[in-house]
Each structure stands twice: as C-alpha cells, then as structure tokens.
>>> print(open('model.txt').read())   # compact mmCIF, C-alpha atoms
# COMPACT_ATOMS: atom_id res chain seq x y z
CA MET P 11 29.30 -21.05 -40.12
CA GLY P 12 31.29 -20.54 -36.96
CA LEU P 13 30.33 -22.46 -33.84
CA ILE P 14 30.23 -20.60 -30.54
CA ARG P 15 31.21 -22.91 -27.69
CA SER P 16 28.77 -21.40 -25.21
CA CYS P 17 25.83 -21.65 -27.63
CA GLU P 18 23.58 -24.65 -26.91
CA ARG P 19 22.72 -25.28 -30.56
CA SER P 20 24.36 -25.10 -33.94
CA ALA P 21 22.88 -25.16 -37.42
CA THR P 22 23.92 -25.81 -40.99
CA VAL P 23 22.31 -23.50 -43.52
CA VAL P 24 22.00 -24.75 -47.11
CA ALA P 25 21.26 -22.28 -49.90
CA SER P 26 20.88 -22.69 -53.65
CA GLN P 27 22.56 -19.35 -54.32
CA ALA P 28 25.30 -17.49 -52.45
CA THR P 29 23.21 -14.32 -52.42
CA GLU P 30 20.68 -16.03 -50.17
CA LEU P 31 23.21 -16.21 -47.32
CA LEU P 32 23.44 -13.57 -44.63
CA GLN P 33 26.05 -10.94 -45.55
CA ILE P 34 28.23 -9.69 -42.67
CA ASN P 35 30.74 -6.83 -42.88
CA GLU P 36 34.03 -8.52 -41.97
CA LYS P 37 35.84 -5.28 -41.10
CA MET P 38 33.01 -4.22 -38.81
CA VAL P 39 33.07 -7.57 -37.01
CA LYS P 40 36.87 -7.47 -36.48
CA ARG P 41 36.66 -3.92 -35.15
CA LEU P 42 33.82 -4.95 -32.85
CA GLN P 43 35.86 -7.90 -31.55
CA TRP P 44 38.89 -5.68 -30.92
CA LEU P 45 37.10 -2.76 -29.22
CA TYR P 46 34.20 -4.55 -27.51
CA PRO P 47 34.91 -8.30 -27.12
CA ARG P 48 31.95 -8.90 -24.79
CA THR P 49 29.58 -7.10 -27.15
CA ALA P 50 30.99 -9.14 -30.07
CA HIS P 51 30.33 -12.36 -28.16
CA ARG P 52 26.72 -11.37 -27.48
CA PHE P 53 26.32 -10.37 -31.12
CA PHE P 54 27.43 -13.78 -32.41
CA PHE P 55 25.49 -15.62 -29.74
CA ASN P 56 22.26 -13.83 -30.64
CA LEU P 57 22.95 -14.27 -34.34
CA MET P 58 23.34 -18.04 -33.91
CA LYS P 59 20.17 -18.20 -31.82
CA VAL P 60 18.13 -16.34 -34.44
CA LEU P 61 19.44 -18.55 -37.26
CA CYS P 62 18.78 -21.75 -35.30
CA ASP P 63 15.25 -20.64 -34.44
CA ARG P 64 14.50 -19.86 -38.09
CA LEU P 65 15.99 -23.15 -39.28
CA GLU P 66 13.99 -25.17 -36.72
CA ASN P 67 10.80 -23.39 -37.71
CA ALA P 68 11.43 -23.99 -41.42
CA THR P 69 12.17 -27.67 -40.73
CA ARG P 70 8.97 -28.05 -38.69
CA VAL P 71 6.88 -26.45 -41.43
CA PHE P 72 8.50 -28.64 -44.10
CA LEU P 73 7.87 -31.83 -42.12
CA ASP P 74 4.26 -30.85 -41.41
CA GLN P 75 3.69 -30.34 -45.13
CA ARG P 76 5.12 -33.77 -45.91
CA ILE P 77 3.05 -35.77 -43.38
CA THR P 78 -0.15 -33.74 -43.14
CA ASP P 79 -3.22 -33.59 -45.36
CA ARG P 80 -3.73 -29.89 -46.04
CA LEU P 81 -7.52 -30.01 -46.16
CA THR P 82 -8.32 -31.93 -42.97
CA GLY P 83 -5.15 -31.43 -40.93
CA LEU P 84 -4.92 -35.20 -40.39
CA HIS P 85 -1.89 -37.28 -41.25
CA ASN P 86 -1.68 -38.34 -44.88
CA SER P 87 -1.61 -41.93 -46.15
CA ASP P 88 2.18 -42.05 -46.58
CA PHE P 89 2.79 -41.23 -42.94
CA PHE P 90 -0.04 -43.51 -41.84
CA MET P 91 1.58 -46.44 -43.64
CA GLN P 92 4.82 -45.84 -41.73
CA VAL P 93 2.92 -45.79 -38.43
CA LEU P 94 0.92 -48.92 -39.31
CA LYS P 95 4.07 -50.83 -40.29
CA ARG P 96 5.68 -49.82 -37.00
CA GLU P 97 2.66 -50.93 -34.97
CA VAL P 98 2.44 -54.27 -36.77
CA ALA P 99 6.18 -54.88 -36.40
CA LEU P 100 5.91 -54.14 -32.69
CA SER P 101 2.98 -56.53 -32.36
CA ASN P 102 4.86 -59.27 -34.25
CA SER P 103 7.84 -58.91 -31.89
CA ILE P 104 5.78 -59.51 -28.75
CA LYS P 105 5.07 -63.07 -27.66
CA GLU P 106 1.67 -62.25 -26.12
CA LYS P 107 0.29 -60.25 -29.02
CA ASP P 108 -2.44 -57.67 -28.61
CA PRO P 109 -4.62 -57.44 -31.72
CA ILE P 110 -4.41 -54.45 -34.03
CA SER P 111 -7.50 -53.46 -35.95
CA LEU P 112 -7.61 -51.41 -39.13
CA VAL P 113 -10.75 -49.51 -40.08
CA ILE P 114 -11.50 -47.91 -43.46
CA ILE P 115 -14.34 -45.35 -43.44
CA SER P 116 -15.69 -44.37 -46.85
CA VAL P 117 -17.97 -41.44 -47.69
CA ASP P 118 -19.49 -43.10 -50.74
CA ASP P 119 -21.74 -40.27 -51.86
CA LEU P 120 -19.09 -37.53 -51.70
CA ALA P 121 -18.83 -37.40 -55.50
CA ARG P 122 -22.58 -36.78 -55.79
CA ILE P 123 -22.44 -34.08 -53.12
CA THR P 124 -19.55 -32.38 -54.90
CA LEU P 125 -21.37 -32.50 -58.24
CA GLN P 126 -24.56 -31.03 -56.80
CA ASN P 127 -23.13 -28.55 -54.29
CA GLY P 128 -19.53 -27.83 -55.33
CA TYR P 129 -16.08 -28.53 -53.94
CA GLU P 130 -16.40 -25.96 -51.15
CA THR P 131 -19.26 -27.94 -49.60
CA SER P 132 -17.46 -31.28 -49.87
CA ASP P 133 -14.34 -29.72 -48.32
CA ILE P 134 -16.40 -28.48 -45.36
CA ILE P 135 -17.90 -31.95 -44.93
CA LEU P 136 -14.49 -33.65 -45.01
CA ARG P 137 -13.06 -31.26 -42.41
CA LYS P 138 -16.08 -31.81 -40.17
CA ILE P 139 -15.81 -35.59 -40.53
CA ALA P 140 -12.12 -35.41 -39.55
CA THR P 141 -13.06 -33.51 -36.38
CA LEU P 142 -15.85 -35.95 -35.51
CA LEU P 143 -13.58 -38.95 -36.02
CA GLU P 144 -10.89 -37.47 -33.78
CA GLU P 145 -13.48 -36.94 -31.07
CA ASN P 146 -14.48 -40.64 -31.18
CA LEU P 147 -10.96 -42.12 -31.06
CA ARG P 148 -8.44 -42.61 -28.28
CA GLU P 149 -5.10 -40.82 -28.05
CA ARG P 150 -3.26 -44.04 -28.86
CA ASP P 151 -5.25 -44.58 -32.09
CA HIS P 152 -3.92 -43.37 -35.43
CA LEU P 153 -6.16 -41.56 -37.92
CA CYS P 154 -5.46 -40.36 -41.44
CA ARG P 155 -7.14 -39.22 -44.62
CA PHE P 156 -6.40 -42.25 -46.74
CA ASN P 157 -7.57 -40.89 -50.10
CA ALA P 158 -10.12 -38.47 -51.56
CA ASN P 159 -13.22 -39.87 -49.82
CA GLN P 160 -11.80 -42.36 -47.31
CA PHE P 161 -10.31 -42.24 -43.84
CA ALA P 162 -8.25 -44.95 -42.14
CA CYS P 163 -7.88 -45.71 -38.43
CA ALA P 164 -5.30 -48.00 -36.82
CA LEU P 165 -6.51 -49.22 -33.44
CA PRO P 166 -3.78 -50.88 -31.34
CA GLY P 167 -5.01 -53.30 -28.69
CA THR P 168 -8.45 -53.53 -30.30
CA SER P 169 -10.11 -56.77 -31.40
CA LEU P 170 -12.15 -57.04 -34.58
CA LYS P 171 -15.34 -57.33 -32.51
CA ASP P 172 -14.61 -54.06 -30.69
CA ALA P 173 -13.56 -52.39 -33.94
CA LEU P 174 -16.89 -53.31 -35.56
CA ILE P 175 -18.77 -51.89 -32.56
CA LEU P 176 -16.79 -48.66 -32.96
CA CYS P 177 -17.53 -48.62 -36.71
CA LYS P 178 -21.26 -48.93 -36.12
CA ARG P 179 -21.19 -46.11 -33.59
CA ILE P 180 -19.18 -43.84 -35.89
CA GLN P 181 -21.38 -44.71 -38.88
CA THR P 182 -24.54 -43.80 -36.97
CA HIS P 183 -22.96 -40.62 -35.62
CA LEU P 184 -21.80 -39.43 -39.04
CA GLU P 185 -25.01 -40.30 -40.88
CA ASP P 186 -27.11 -38.51 -38.23
CA GLN P 187 -24.91 -35.42 -38.46
CA PRO P 188 -26.45 -32.54 -40.47
CA PHE P 189 -24.13 -30.61 -42.79
CA GLN P 190 -25.07 -27.15 -44.03
CA SER P 191 -24.68 -26.03 -47.64
CA GLY P 192 -26.13 -22.55 -47.85
CA SER P 193 -29.78 -22.94 -46.94
CA ASN P 194 -29.71 -26.71 -47.58
CA THR P 195 -29.14 -29.37 -44.96
CA LEU P 196 -27.21 -32.38 -46.22
CA TYR P 197 -26.70 -35.87 -44.82
CA ILE P 198 -23.98 -38.28 -45.87
CA ARG P 199 -23.90 -42.04 -46.41
CA VAL P 200 -20.98 -43.87 -44.83
CA ASN P 201 -19.66 -47.40 -45.30
CA PHE P 202 -16.83 -49.05 -43.42
CA GLY P 203 -14.52 -52.04 -43.54
CA ALA P 204 -12.50 -53.52 -40.69
CA SER P 205 -9.78 -56.12 -40.28
CA ALA P 206 -7.66 -57.28 -37.38
CA THR P 207 -4.54 -59.26 -36.67
CA SER P 208 -4.75 -62.75 -35.17
CA GLN P 209 -2.70 -63.99 -32.23
CA ASP P 210 -1.26 -67.05 -33.98
CA GLY P 211 1.46 -65.73 -36.22
CA ALA P 212 3.14 -62.71 -37.81
CA VAL P 213 0.98 -60.37 -39.86
CA ASP P 214 1.78 -58.59 -43.09
CA VAL P 215 0.63 -54.95 -43.29
CA TYR P 216 -0.66 -55.29 -46.84
CA ARG P 217 -2.74 -58.34 -46.00
CA LEU P 218 -4.29 -56.32 -43.18
CA ILE P 219 -5.15 -53.52 -45.61
CA ASP P 220 -6.51 -55.90 -48.25
CA ALA P 221 -8.74 -57.55 -45.64
CA ALA P 222 -10.11 -54.17 -44.55
CA PHE P 223 -11.02 -53.25 -48.13
CA ARG P 224 -12.61 -56.66 -48.70
CA SER P 225 -14.66 -56.02 -45.58
CA LEU P 226 -15.66 -52.65 -47.04
CA ASP P 227 -16.84 -54.38 -50.23
CA GLN P 228 -18.75 -56.90 -48.13
CA ASN P 229 -20.61 -54.14 -46.34
CA ARG P 230 -21.50 -52.74 -49.75
CA GLY P 231 -22.92 -56.19 -50.58
CA HIS P 232 -20.18 -57.29 -52.96
CA GLU P 233 -18.48 -60.23 -51.23
CA ASN P 234 -17.88 -62.04 -47.94
CA CYS P 235 -14.93 -61.56 -45.62
CA ASP P 236 -14.33 -62.37 -41.96
CA GLY P 237 -11.74 -59.60 -41.49
CA ILE P 238 -9.17 -61.71 -39.65
CA VAL P 239 -5.65 -62.04 -41.11
>>> encode(input="model.txt", output="structure tokens")
Amino acid sequence: MGLIRSCERSATVVASQATELLQINEKMVKRLQWLYPRTAHRFFFNLMKVLCDRLENATRVFLDQRITDRLTGLHNSDFFMQVLKREVALSNSIKEKDPISLVIISVDDLARITLQNGYETSDIILRKIATLLEENLRERDHLCRFNANQFACALPGTSLKDALILCKRIQTHLEDQPFQSGSNTLYIRVNFGASATSQDGAVDVYRLIDAAFRSLDQNRGHENCDGIV
C-alpha cells in the first residue's frame, strides 16, 4: 500500500485471499493524476483515512474480544492475571511497599439457581453482580470475572484488614439484593476469600492467589488461613 507523506497515519492490511483486497482501476487512477493532480491527492488521502479508520476499529474490536468477558463486560481472567502480575511486580520494585490485596467472590448457589430457573436467569444475576461490584470499587481497583461463578478483585494499596471490611460490605450488599426471575424474587448466597502481600519481602502472584482461595475455603468452614503471603 502506498504511503502518502501528508497523511498522519499509515496501515498494513493483511488478507487471507487476494480477492479480499480493495480493487482499484489503475488506468483510471493514472488519468486522474494526469488531469486532476489535486483531486487525485485528495482521493488517495481520503482512501488512506478510511482504511486506517476501519483497521483501527477492527483492531479495537478484536482486542476487546480477547480481554473481555462477553456476558458481564468485565475483563476476563487472562487479562486480569497480566494486570495482577504487573501490580505485584511494581510493588516488589518499591522499597516502601504498599500492600496489595486480592479478593475472590464466589456465588456458591449459582448452579442451583441455574438448575431451577434456567441459564437466562443466572446470566441476568451475573451481569447485575458485575454492575454492583463495579459500583463498590475504586477506579484504581481491578475487577474481572474469574470463572463461571467467581469474580476477582485486585486492590492496590489495600491492607488485608481493609479488604476484609470491603468483603463483608459487598457480601451483605449482594445477599440483600433481590433478583427477579419472572414472578419470583431470588436471593443469592455469597462467600469470599482474601489475601494480601506483606511488607517484608517479594511476593509471588500464585502464592497470593492460592492464599485467597484458601481463605475462601476457610470461610466455607473447610480450613484455616491468615491470608498474608
């Protein structure tokens, strides 16, 4: 693709088949350049602009599909892991470390709700939970749908004590929230687990995650865990 010097952007178009590329009549273009050079310049400039706009839009859509959970609109677990690793690495590089807390929120009775009321109802509940969680978090916090019935929150600059206070508030808020399924009003049961980094050494992301899930098991009455790694 030709590059116009006065055009602010350029683009490379990749196609699997030659027929997918834009076909331009070469004789028409040469005649246009010879008879109307200014018009030819505007033609190519506008063509490049249209192609760049379309390519940028396609790239944005593709990236959104790769990092976003389609049901809730939240980031997916793959992207969340990248963000969490970055936050932990940043914390490890700072001498005076601020704690990072990780919270796992589990809707433990979602399978029962789905069995009794169908997938449409459980999808509505998950989307509503995502909205409620976003409303209770700060802009600097990171939220994702971690798996089918669990959400994860990374809370930079938040101690374990403050994270547990937040968990209790969110748990109460979600369990008091009525969800409609036709003429029925449903309530959900939520459990949570939390872990946090300590200030006396580097932290491994996977240890942080393991500690959060052990804390989740503890709150279900399975084992004990202090949540600090």
>>> atom_distance(input="model.txt", atom1="CA of Ser103 in chain P", atom2="CA of Arg148 in chain P")
23.3 Å
>>> atom_distance(input="model.txt", atom1="CA of Ala221 in chain P", atom2="CA of Val113 in chain P")
10.0 Å
>>> closest_residue(input="model.txt", among="P:Arg230, P:Glu145, P:Thr195, P:Ala164", to="His183 in chain P", atoms="all atoms listed in the file")
P:Glu145
>>> residues_near_point(input="model.txt", point="(3.2, -41.6, -48.9)", cutoff="12 Å", atoms="only C-alpha atoms", output="list of chain:residue names")
P:Gln75, P:Arg76, P:Ile77, P:Thr78, P:Asp79, P:His85, P:Asn86, P:Ser87, P:Asp88, P:Phe89, P:Phe90, P:Met91, P:Gln92, P:Val93, P:Cys154, P:Arg155, P:Phe156, P:Asn157
>>> closest_residue(input="model.txt", among="P:Leu81, P:Leu57, P:Leu94, P:Leu184", to="Leu142 in chain P", atoms="only C-alpha atoms")
P:Leu184
>>> atom_distance(input="model.txt", atom1="CA of Ile115 in chain P", atom2="CA of Gln190 in chain P")
21.1 Å
>>> closest_residue(input="model.txt", among="P:Ser116, P:Thr168, P:Ser193, P:Thr82", to="Leu136 in chain P", atoms="all atoms listed in the file")
P:Thr82
>>> closest_residue(input="model.txt", among="P:Leu226, P:Gly167, P:Asn201, P:Arg217", to="Ser101 in chain P", atoms="all atoms listed in the file")
P:Gly167
>>> closest_residue(input="model.txt", among="P:Lys40, P:Arg80, P:His152, P:Lys171", to="Thr207 in chain P", atoms="all atoms listed in the file")
P:Lys171
>>> closest_residue(input="model.txt", among="P:Phe161, P:Asn229, P:Tyr216, P:Arg224", to="Val98 in chain P", atoms="only C-alpha atoms")
P:Tyr216
>>> residues_around(input="model.txt", residues="Ile134 in chain P", least_positions_apart="3", cutoff="9 Å", atoms="only C-alpha atoms", output="list in words")
Tyr129, Glu130, Thr131, Arg137, Lys138, Ile139, Phe189, Gln190 and Ser191 of chain P
